[in-house]
$ cat my_file.pdb   # PDB, C-alpha atoms and all ligand atoms
ATOM      1  CA  MET H 248       0.000   0.000   0.000
ATOM      2  CA  ALA H 249       1.357   3.441  -0.913
ATOM      3  CA  GLU H 250       0.599   5.069   2.353
ATOM      4  CA  GLN H 251       1.588   8.557   1.145
ATOM      5  CA  ASP H 252      -1.432   8.490  -1.174
ATOM      6  CA  LEU H 253      -3.742   7.710   1.677
ATOM      7  CA  GLU H 254      -2.523  10.032   4.369
ATOM      8  CA  ARG H 255      -4.532  13.095   5.311
ATOM      9  CA  ILE H 256      -3.263  16.392   6.646
ATOM     10  CA  VAL H 257      -5.285  18.622   8.932
ATOM     11  CA  VAL H 258      -4.420  22.022  10.380
ATOM     12  CA  THR H 259      -5.530  22.931  13.892
ATOM     13  CA  ARG H 260      -5.286  26.477  15.198
ATOM     14  CA  ASP H 261      -5.389  25.707  18.918
ATOM     15  CA  ALA H 262      -5.332  22.861  21.424
ATOM     16  CA  ALA H 263      -9.127  22.600  21.367
ATOM     17  CA  GLY H 264      -8.929  21.980  17.621
ATOM     18  CA  THR H 265      -6.471  19.128  18.120
ATOM     19  CA  ARG H 266      -8.667  17.656  20.847
ATOM     20  CA  ALA H 267     -11.739  17.924  18.603
ATOM     21  CA  LEU H 268      -9.967  16.093  15.781
ATOM     22  CA  ALA H 269      -8.836  13.311  18.120
ATOM     23  CA  SER H 270     -12.266  13.043  19.711
ATOM     24  CA  ALA H 271     -13.884  12.519  16.300
ATOM     25  CA  LEU H 272     -11.263   9.906  15.349
ATOM     26  CA  ALA H 273     -12.029   7.936  18.511
ATOM     27  CA  ALA H 274     -15.383   6.958  16.959
ATOM     28  CA  ALA H 275     -13.361   4.654  14.658
ATOM     29  CA  ALA H 276     -11.483   2.941  17.500
ATOM     30  CA  ARG H 277     -11.591  -0.830  17.770
ATOM     31  CA  PRO H 278     -10.082  -3.198  20.325
ATOM     32  CA  GLY H 279      -6.395  -3.815  19.728
ATOM     33  CA  ASP H 280      -5.746  -0.573  17.848
ATOM     34  CA  LEU H 281      -2.372   1.123  18.114
ATOM     35  CA  ILE H 282      -1.846   4.839  17.505
ATOM     36  CA  SER H 283       1.635   6.315  17.478
ATOM     37  CA  LEU H 284       1.967  10.008  18.333
ATOM     38  CA  VAL H 285       5.078  11.618  16.906
ATOM     39  CA  GLY H 286       6.079  15.244  17.362
ATOM     40  CA  ASP H 287       8.517  17.459  19.226
ATOM     41  CA  LEU H 288       8.212  18.500  22.855
ATOM     42  CA  GLY H 289       5.023  20.510  23.232
ATOM     43  CA  ALA H 290       3.695  19.583  19.788
ATOM     44  CA  GLY H 291       0.366  18.449  21.222
ATOM     45  CA  LYS H 292       0.625  14.668  21.645
ATOM     46  CA  THR H 293      -0.951  14.768  25.085
ATOM     47  CA  GLN H 294      -3.650  17.172  23.877
ATOM     48  CA  PHE H 295      -4.465  14.610  21.183
ATOM     49  CA  ALA H 296      -4.652  11.876  23.843
ATOM     50  CA  LYS H 297      -7.020  13.995  25.956
ATOM     51  CA  GLY H 298      -9.343  14.521  23.003
ATOM     52  CA  PHE H 299      -9.191  10.876  21.983
ATOM     53  CA  GLY H 300     -10.069   9.865  25.521
ATOM     54  CA  ALA H 301     -13.022  12.259  25.564
ATOM     55  CA  GLY H 302     -14.231  10.668  22.339
ATOM     56  CA  LEU H 303     -14.087   7.262  24.017
ATOM     57  CA  GLY H 304     -16.257   8.610  26.806
ATOM     58  CA  ILE H 305     -13.470   8.720  29.378
ATOM     59  CA  THR H 306     -14.363  11.159  32.124
ATOM     60  CA  ASP H 307     -11.151  10.892  34.178
ATOM     61  CA  THR H 308      -8.575  13.566  33.405
ATOM     62  CA  ILE H 309      -5.888  12.300  31.075
ATOM     63  CA  VAL H 310      -2.536  13.657  32.113
ATOM     64  CA  SER H 311       0.933  13.280  30.687
ATOM     65  CA  PRO H 312       2.021   9.778  31.709
ATOM     66  CA  SER H 313       5.695  10.755  31.824
ATOM     67  CA  PHE H 314       6.337   9.280  35.244
ATOM     68  CA  VAL H 315       4.694   5.963  34.538
ATOM     69  CA  LEU H 316       5.228   3.891  31.456
ATOM     70  CA  MET H 317       1.552   3.309  30.821
ATOM     71  CA  ALA H 318      -1.651   4.750  32.257
ATOM     72  CA  GLU H 319      -4.990   2.979  31.792
ATOM     73  CA  TYR H 320      -8.384   4.695  31.549
ATOM     74  CA  ARG H 321     -11.911   3.284  31.251
ATOM     75  CA  GLY H 322     -14.222   4.360  28.452
ATOM     76  CA  ARG H 323     -16.204   2.734  25.625
ATOM     77  CA  LEU H 324     -12.934   0.822  25.217
ATOM     78  CA  PRO H 325     -10.031   0.885  27.656
ATOM     79  CA  LEU H 326      -7.393   3.450  26.695
ATOM     80  CA  PHE H 327      -3.730   2.692  27.349
ATOM     81  CA  HIS H 328      -1.643   5.868  27.250
ATOM     82  CA  VAL H 329       2.093   5.296  26.950
ATOM     83  CA  ASP H 330       4.901   7.878  27.014
ATOM     84  CA  LEU H 331       8.369   6.706  26.005
ATOM     85  CA  TYR H 332      10.084  10.077  26.430
ATOM     86  CA  ARG H 333      12.290   8.957  29.277
ATOM     87  CA  LEU H 334      13.294   5.679  27.738
ATOM     88  CA  ALA H 335      16.606   5.339  26.009
ATOM     89  CA  ASP H 336      15.649   2.691  23.495
ATOM     90  CA  ALA H 337      13.191   0.067  22.394
ATOM     91  CA  ALA H 338      14.798  -2.673  24.438
ATOM     92  CA  GLU H 339      14.224  -0.665  27.579
ATOM     93  CA  ALA H 340      10.616   0.039  26.609
ATOM     94  CA  LEU H 341       9.845  -3.597  25.976
ATOM     95  CA  ALA H 342      11.586  -4.668  29.162
ATOM     96  CA  GLY H 343       9.523  -2.093  31.025
ATOM     97  CA  GLY H 344       6.302  -3.899  30.191
ATOM     98  CA  LEU H 345       5.054  -1.906  27.222
ATOM     99  CA  ILE H 346       3.461  -4.980  25.745
ATOM    100  CA  ASP H 347       0.625  -6.032  27.961
ATOM    101  CA  ASP H 348      -2.027  -8.692  27.293
ATOM    102  CA  ARG H 349      -4.854  -6.311  28.166
ATOM    103  CA  GLN H 350      -4.027  -4.027  25.249
ATOM    104  CA  VAL H 351      -5.872  -6.321  22.836
ATOM    105  CA  GLU H 352      -9.071  -5.163  24.522
ATOM    106  CA  GLY H 353      -8.428  -1.455  24.136
ATOM    107  CA  VAL H 354      -6.691   1.269  22.203
ATOM    108  CA  THR H 355      -3.047   2.071  22.865
ATOM    109  CA  LEU H 356      -1.742   5.615  22.268
ATOM    110  CA  VAL H 357       2.043   5.920  22.355
ATOM    111  CA  GLU H 358       3.830   9.267  22.711
ATOM    112  CA  TRP H 359       7.423   9.288  21.418
ATOM    113  CA  ALA H 360       6.576   6.057  19.604
ATOM    114  CA  GLU H 361       9.604   6.450  17.325
ATOM    115  CA  ARG H 362      11.748   5.322  20.275
ATOM    116  CA  LEU H 363      10.441   1.817  19.615
ATOM    117  CA  ALA H 364      12.134   1.838  16.196
ATOM    118  CA  ASP H 365      11.738  -1.557  14.554
ATOM    119  CA  ALA H 366       9.709  -2.880  17.472
ATOM    120  CA  LEU H 367       6.838  -0.583  16.438
ATOM    121  CA  PRO H 368       4.303  -2.600  14.388
ATOM    122  CA  ASN H 369       3.354  -1.269  10.931
ATOM    123  CA  GLU H 370      -0.260  -2.045  11.762
ATOM    124  CA  ARG H 371      -1.039   1.270  13.392
ATOM    125  CA  LEU H 372      -2.278   4.783  12.788
ATOM    126  CA  GLU H 373       0.637   7.184  12.802
ATOM    127  CA  VAL H 374      -0.181  10.731  13.890
ATOM    128  CA  LEU H 375       2.584  13.217  13.112
ATOM    129  CA  ILE H 376       2.227  16.644  14.704
ATOM    130  CA  ASP H 377       4.290  19.546  13.348
ATOM    131  CA  GLY H 378       4.400  22.934  14.998
ATOM    132  CA  ALA H 379       5.082  24.407  18.406
ATOM    133  CA  GLY H 380       4.083  27.230  20.702
ATOM    134  CA  ASP H 381       1.159  29.273  19.390
ATOM    135  CA  GLU H 382       1.711  28.197  15.785
ATOM    136  CA  PRO H 383      -0.974  26.183  13.998
ATOM    137  CA  ARG H 384      -0.290  22.450  14.046
ATOM    138  CA  ARG H 385      -0.048  20.442  10.848
ATOM    139  CA  ILE H 386      -1.306  16.975  11.748
ATOM    140  CA  THR H 387      -0.675  14.086   9.372
ATOM    141  CA  LEU H 388      -2.776  10.940   9.770
ATOM    142  CA  ARG H 389      -1.041   7.983   8.175
ATOM    143  CA  PRO H 390      -2.688   4.543   8.255
ATOM    144  CA  GLY H 391      -0.024   1.846   8.336
ATOM    145  CA  ASP H 392      -2.299  -0.687   6.701
ATOM    146  CA  ALA H 393      -5.758  -0.946   5.182
ATOM    147  CA  GLY H 394      -7.305  -1.831   8.528
ATOM    148  CA  TYR H 395      -6.612   1.705   9.741
ATOM    149  CA  LEU H 396      -8.242   3.542   6.833
ATOM    150  CA  ARG H 397     -11.441   3.757   8.900
ATOM    151  CA  TYR H 398      -9.770   6.530  10.917
ATOM    152  CA  LEU H 399      -9.583   8.705   7.811
ATOM    153  CA  GLU H 400     -13.284   8.172   7.242
ATOM    154  CA  ALA H 401     -13.956   9.378  10.793
ATOM    155  CA  MET H 402     -12.242  12.723  10.124
ATOM    156  CA  PRO H 403     -14.715  15.583  10.431
ATOM    157  CA  ASP H 404     -15.050  17.310   7.037
ATOM    158  CA  THR H 405     -15.354  20.649   8.764
ATOM    159  CA  MET H 406     -11.654  20.562   9.643
ATOM    160  CA  GLU H 407      -9.172  22.697   7.759
ATOM    161  CA  ALA H 408      -7.206  20.564   5.288
ATOM    162  CA  GLY H 409      -3.442  20.993   5.182
ATOM    163  CA  ARG H 410      -0.934  20.070   2.503
TER     164      ARG H 410
HETATM  165  N1  LIG R 501      -3.059  23.491  17.623
HETATM  166  C1  LIG R 501      -2.608  23.029  18.801
HETATM  167  N2  LIG R 501      -2.701  21.708  19.078
HETATM  168  C2  LIG R 501      -2.234  21.210  20.235
HETATM  169  N3  LIG R 501      -1.662  21.944  21.218
HETATM  170  C3  LIG R 501      -1.557  23.271  21.001
HETATM  171  C4  LIG R 501      -2.010  23.876  19.788
HETATM  172  N4  LIG R 501      -1.754  25.201  19.857
HETATM  173  C5  LIG R 501      -1.175  25.411  21.047
HETATM  174  N5  LIG R 501      -1.048  24.273  21.748
HETATM  175  C6  LIG R 501      -0.422  24.154  23.082
HETATM  176  O1  LIG R 501       0.739  23.346  22.945
HETATM  177  C7  LIG R 501       0.921  22.537  24.090
HETATM  178  C8  LIG R 501       0.938  21.069  23.708
HETATM  179  O2  LIG R 501       1.297  20.333  24.860
HETATM  180  P1  LIG R 501       1.275  18.771  24.963
HETATM  181  O3  LIG R 501       1.561  18.439  26.375
HETATM  182  O4  LIG R 501       0.039  18.221  24.349
HETATM  183  O5  LIG R 501       2.520  18.396  24.030
HETATM  184  P2  LIG R 501       3.278  16.990  23.915
HETATM  185  O6  LIG R 501       3.527  16.791  22.469
HETATM  186  O7  LIG R 501       2.524  15.933  24.629
HETATM  187  O8  LIG R 501       4.660  17.286  24.653
HETATM  188  P3  LIG R 501       5.669  16.294  25.401
HETATM  189  O9  LIG R 501       6.626  15.821  24.361
HETATM  190  O10 LIG R 501       6.302  17.141  26.432
HETATM  191  O11 LIG R 501       4.869  15.154  25.987
HETATM  192  C9  LIG R 501      -0.223  22.871  25.039
HETATM  193  O12 LIG R 501       0.219  23.853  25.938
HETATM  194  C10 LIG R 501      -1.285  23.426  24.102
HETATM  195  O13 LIG R 501      -2.161  24.332  24.747
HETATM  196 MG    MG R 502       3.007  14.633  26.163
END
$ encode --input "my_file.pdb" --output "structure tokens" --more "lines below"
Ligand SMILES: Nc1ncnc2c1ncn2[C@@H]1O[C@H](COP(=O)(O)OP(=O)(O)OP(=O)(O)O)[C@@H](O)[C@H]1O
Ligand SMILES: [Mg+2]
Amino acid sequence: MAEQDLERIVVTRDAAGTRALASALAAAARPGDLISLVGDLGAGKTQFAKGFGAGLGITDTIVSPSFVLMAEYRGRLPLFHVDLYRLADAAEALAGGLIDDRQVEGVTLVEWAERLADALPNERLEVLIDGAGDEPRRITLRPGDAGYLRYLEAMPDTMEAGR
């Protein structure tokens, strides 16, 4: 699959816009899904996770999981929120218990997913967030395989398209 042909780019002007996008995408979530969140410090990965959680009906406050490897929340599906920022490499992440049997029942969102390198499955939705500070964010949604195309269909058509 030529994933470049299938990716979609959205521009959000503020954190609420990023949360709204993620919340709409959560309607497409199925058990076992993996979403990698890639972007610099302060890009908006955690804002995306908050919106995604809201879309799953999670009422607990989703916070940056930086001091735990994985936080679990209850919603329509369980949400597993992982932050690999403090991990040196994939081996350390895997040794730390990143792979957990319960994840097949929920959706896993991974911040700093690129730290997993080759251990990151292709079967995932990659979310790349470009931009910092008060700048607009350019958010690229890239399905890693055909099973993740449903997330593109869940994109609200009212959102500003990027290129
Ligand atoms: N369009 C936007 N989308 C998301 N966040 C935005 C946007 N515009 C401004 N912001 C601000 O940028 C910051 C994003 O912070 P957030 O914690 O989500 O980043 P992060 O990518 O998770 O960073 P870290 O790598 O430290 O975990 C917030 O303060 C948010 O209010
Ligand atoms: Mg974060």
$ residues_near_ligand --input "my_file.pdb" --ligand "ligand LIG 501 (chain R)" --cutoff "6 Å" --atoms "all atoms listed in the file" --output "list in words"
Thr259, Arg260, Asp261, Ala262, Thr265, Gly286, Asp287, Leu288, Gly289, Ala290, Gly291, Lys292, Thr293, Gln294, Gly380, Asp381, Pro383 and Arg384 of chain H
$ atom_distance --input "my_file.pdb" --atom1 "atom CA of Tyr395 of chain H" --atom2 "atom CA of Gly279 of chain H"
11.4 Å
$ resolve_selection --input "my_file.pdb" --expression "the PyMOL selection byres (((not hetatm)) within 12 of (chain R and resi 502))" --output "MDAnalysis selection string"
chainID H and resid 284:297 309:314 328:333 356:360 376
$ residues_around --input "my_file.pdb" --residues "Pro403 of chain H" --least-positions-apart "3" --cutoff "10 Å" --atoms "only C-alpha atoms" --output "PyMOL selection string"
chain H and resi 267-272+399-400+406-407
$ closest_residue --input "my_file.pdb" --among "H:Ala275, H:Gln350, H:Gly264, H:Arg323" --to "Ala401 of chain H" --atoms "only C-alpha atoms"
H:Ala275
$ resolve_selection --input "my_file.pdb" --expression "the PyMOL selection byres (((chain H and resi 301-305) around 7) and not hetatm)" --output "list in words"
Ser270, Ala271, Ala273, Ala274, Lys297, Gly298, Phe299, Gly300, Thr306, Asp307, Tyr320, Arg321, Gly322, Arg323 and Leu324 of chain H
$ atom_distance --input "my_file.pdb" --atom1 "atom CA of Arg371 of chain H" --atom2 "atom CA of Val257 of chain H"
18.4 Å
$ residues_near_point --input "my_file.pdb" --point "(-2.8, 19.1, 7.3)" --cutoff "9 Å" --atoms "all atoms listed in the file" --output "PyMOL selection string"
chain H and resi 255-259+384-388+407-410
$ atom_distance --input "my_file.pdb" --atom1 "atom CA of Arg397 of chain H" --atom2 "atom CA of Phe327 of chain H"
20.0 Å
$ axis_aligned_box --input "my_file.pdb" --around "segment 401-408 of chain H" --padding-each-side "8 Å" --output "AutoDock Vina command-line options"
--center_x -11.3 --center_y 16.0 --center_z 8.0 --size_x 24.1 --size_y 29.3 --size_z 21.5
$ residues_around --input "my_file.pdb" --residues "Asp280 of chain H" --least-positions-apart "6" --cutoff "7 Å" --atoms "all atoms listed in the file" --output "list in words"
Gly353, Val354, Thr355 and Arg371 of chain H
$ closest_residue --input "my_file.pdb" --among "H:Val351, H:Ala366, H:Val315, H:Leu253" --to "Leu396 of chain H" --atoms "all atoms listed in the file"
H:Leu253
$ build_atoms --input "my_file.pdb" --residues "segment 262-284 of chain H" --atoms "N, CA and C atoms" --output "PDB file, in the frame of the given file"
ATOM      1  N   ALA H 262      -5.286  24.177  20.782  1.00  0.00           N
ATOM      2  CA  ALA H 262      -5.332  22.861  21.424  1.00  0.00           C
ATOM      3  C   ALA H 262      -6.735  22.265  21.341  1.00  0.00           C
ATOM      4  N   ALA H 263      -7.748  23.107  21.448  1.00  0.00           N
ATOM      5  CA  ALA H 263      -9.127  22.600  21.367  1.00  0.00           C
ATOM      6  C   ALA H 263      -9.384  21.977  20.000  1.00  0.00           C
ATOM      7  N   GLY H 264      -8.774  22.538  18.965  1.00  0.00           N
ATOM      8  CA  GLY H 264      -8.929  21.980  17.621  1.00  0.00           C
ATOM      9  C   GLY H 264      -8.297  20.600  17.522  1.00  0.00           C
ATOM     10  N   THR H 265      -7.141  20.437  18.129  1.00  0.00           N
ATOM     11  CA  THR H 265      -6.471  19.128  18.120  1.00  0.00           C
ATOM     12  C   THR H 265      -7.278  18.113  18.922  1.00  0.00           C
ATOM     13  N   ARG H 266      -7.832  18.563  20.043  1.00  0.00           N
ATOM     14  CA  ARG H 266      -8.667  17.656  20.847  1.00  0.00           C
ATOM     15  C   ARG H 266      -9.927  17.265  20.078  1.00  0.00           C
ATOM     16  N   ALA H 267     -10.510  18.215  19.361  1.00  0.00           N
ATOM     17  CA  ALA H 267     -11.739  17.924  18.603  1.00  0.00           C
ATOM     18  C   ALA H 267     -11.465  16.910  17.489  1.00  0.00           C
ATOM     19  N   LEU H 268     -10.344  17.064  16.818  1.00  0.00           N
ATOM     20  CA  LEU H 268      -9.967  16.093  15.781  1.00  0.00           C
ATOM     21  C   LEU H 268      -9.840  14.701  16.398  1.00  0.00           C
ATOM     22  N   ALA H 269      -9.088  14.611  17.490  1.00  0.00           N
ATOM     23  CA  ALA H 269      -8.836  13.311  18.120  1.00  0.00           C
ATOM     24  C   ALA H 269     -10.134  12.696  18.637  1.00  0.00           C
ATOM     25  N   SER H 270     -10.995  13.533  19.177  1.00  0.00           N
ATOM     26  CA  SER H 270     -12.266  13.043  19.711  1.00  0.00           C
ATOM     27  C   SER H 270     -13.110  12.427  18.598  1.00  0.00           C
ATOM     28  N   ALA H 271     -13.124  13.060  17.434  1.00  0.00           N
ATOM     29  CA  ALA H 271     -13.884  12.519  16.300  1.00  0.00           C
ATOM     30  C   ALA H 271     -13.267  11.196  15.827  1.00  0.00           C
ATOM     31  N   LEU H 272     -11.936  11.128  15.811  1.00  0.00           N
ATOM     32  CA  LEU H 272     -11.263   9.906  15.349  1.00  0.00           C
ATOM     33  C   LEU H 272     -11.568   8.723  16.268  1.00  0.00           C
ATOM     34  N   ALA H 273     -11.791   9.013  17.537  1.00  0.00           N
ATOM     35  CA  ALA H 273     -12.029   7.936  18.511  1.00  0.00           C
ATOM     36  C   ALA H 273     -13.276   7.127  18.164  1.00  0.00           C
ATOM     37  N   ALA H 274     -14.184   7.706  17.380  1.00  0.00           N
ATOM     38  CA  ALA H 274     -15.383   6.958  16.959  1.00  0.00           C
ATOM     39  C   ALA H 274     -14.991   5.725  16.144  1.00  0.00           C
ATOM     40  N   ALA H 275     -13.809   5.765  15.510  1.00  0.00           N
ATOM     41  CA  ALA H 275     -13.361   4.654  14.658  1.00  0.00           C
ATOM     42  C   ALA H 275     -12.595   3.585  15.444  1.00  0.00           C
ATOM     43  N   ALA H 276     -12.369   3.826  16.728  1.00  0.00           N
ATOM     44  CA  ALA H 276     -11.483   2.941  17.500  1.00  0.00           C
ATOM     45  C   ALA H 276     -12.073   1.549  17.684  1.00  0.00           C
ATOM     46  N   ARG H 277     -11.209   0.566  17.531  1.00  0.00           N
ATOM     47  CA  ARG H 277     -11.591  -0.830  17.770  1.00  0.00           C
ATOM     48  C   ARG H 277     -10.580  -1.466  18.714  1.00  0.00           C
ATOM     49  N   PRO H 278     -11.005  -2.519  19.402  1.00  0.00           N
ATOM     50  CA  PRO H 278     -10.082  -3.198  20.325  1.00  0.00           C
ATOM     51  C   PRO H 278      -8.809  -3.643  19.616  1.00  0.00           C
ATOM     52  N   GLY H 279      -7.689  -3.394  20.257  1.00  0.00           N
ATOM     53  CA  GLY H 279      -6.395  -3.815  19.728  1.00  0.00           C
ATOM     54  C   GLY H 279      -5.695  -2.760  18.896  1.00  0.00           C
ATOM     55  N   ASP H 280      -6.366  -1.612  18.676  1.00  0.00           N
ATOM     56  CA  ASP H 280      -5.746  -0.573  17.848  1.00  0.00           C
ATOM     57  C   ASP H 280      -4.515   0.043  18.518  1.00  0.00           C
ATOM     58  N   LEU H 281      -3.598   0.460  17.663  1.00  0.00           N
ATOM     59  CA  LEU H 281      -2.372   1.123  18.114  1.00  0.00           C
ATOM     60  C   LEU H 281      -2.241   2.453  17.370  1.00  0.00           C
ATOM     61  N   ILE H 282      -2.021   3.518  18.112  1.00  0.00           N
ATOM     62  CA  ILE H 282      -1.846   4.839  17.505  1.00  0.00           C
ATOM     63  C   ILE H 282      -0.535   5.420  18.014  1.00  0.00           C
ATOM     64  N   SER H 283       0.356   5.730  17.083  1.00  0.00           N
ATOM     65  CA  SER H 283       1.635   6.315  17.478  1.00  0.00           C
ATOM     66  C   SER H 283       1.551   7.822  17.307  1.00  0.00           C
ATOM     67  N   LEU H 284       2.000   8.542  18.319  1.00  0.00           N
ATOM     68  CA  LEU H 284       1.967  10.008  18.333  1.00  0.00           C
ATOM     69  C   LEU H 284       3.395  10.507  18.255  1.00  0.00           C
TER      70      LEU H 284
END
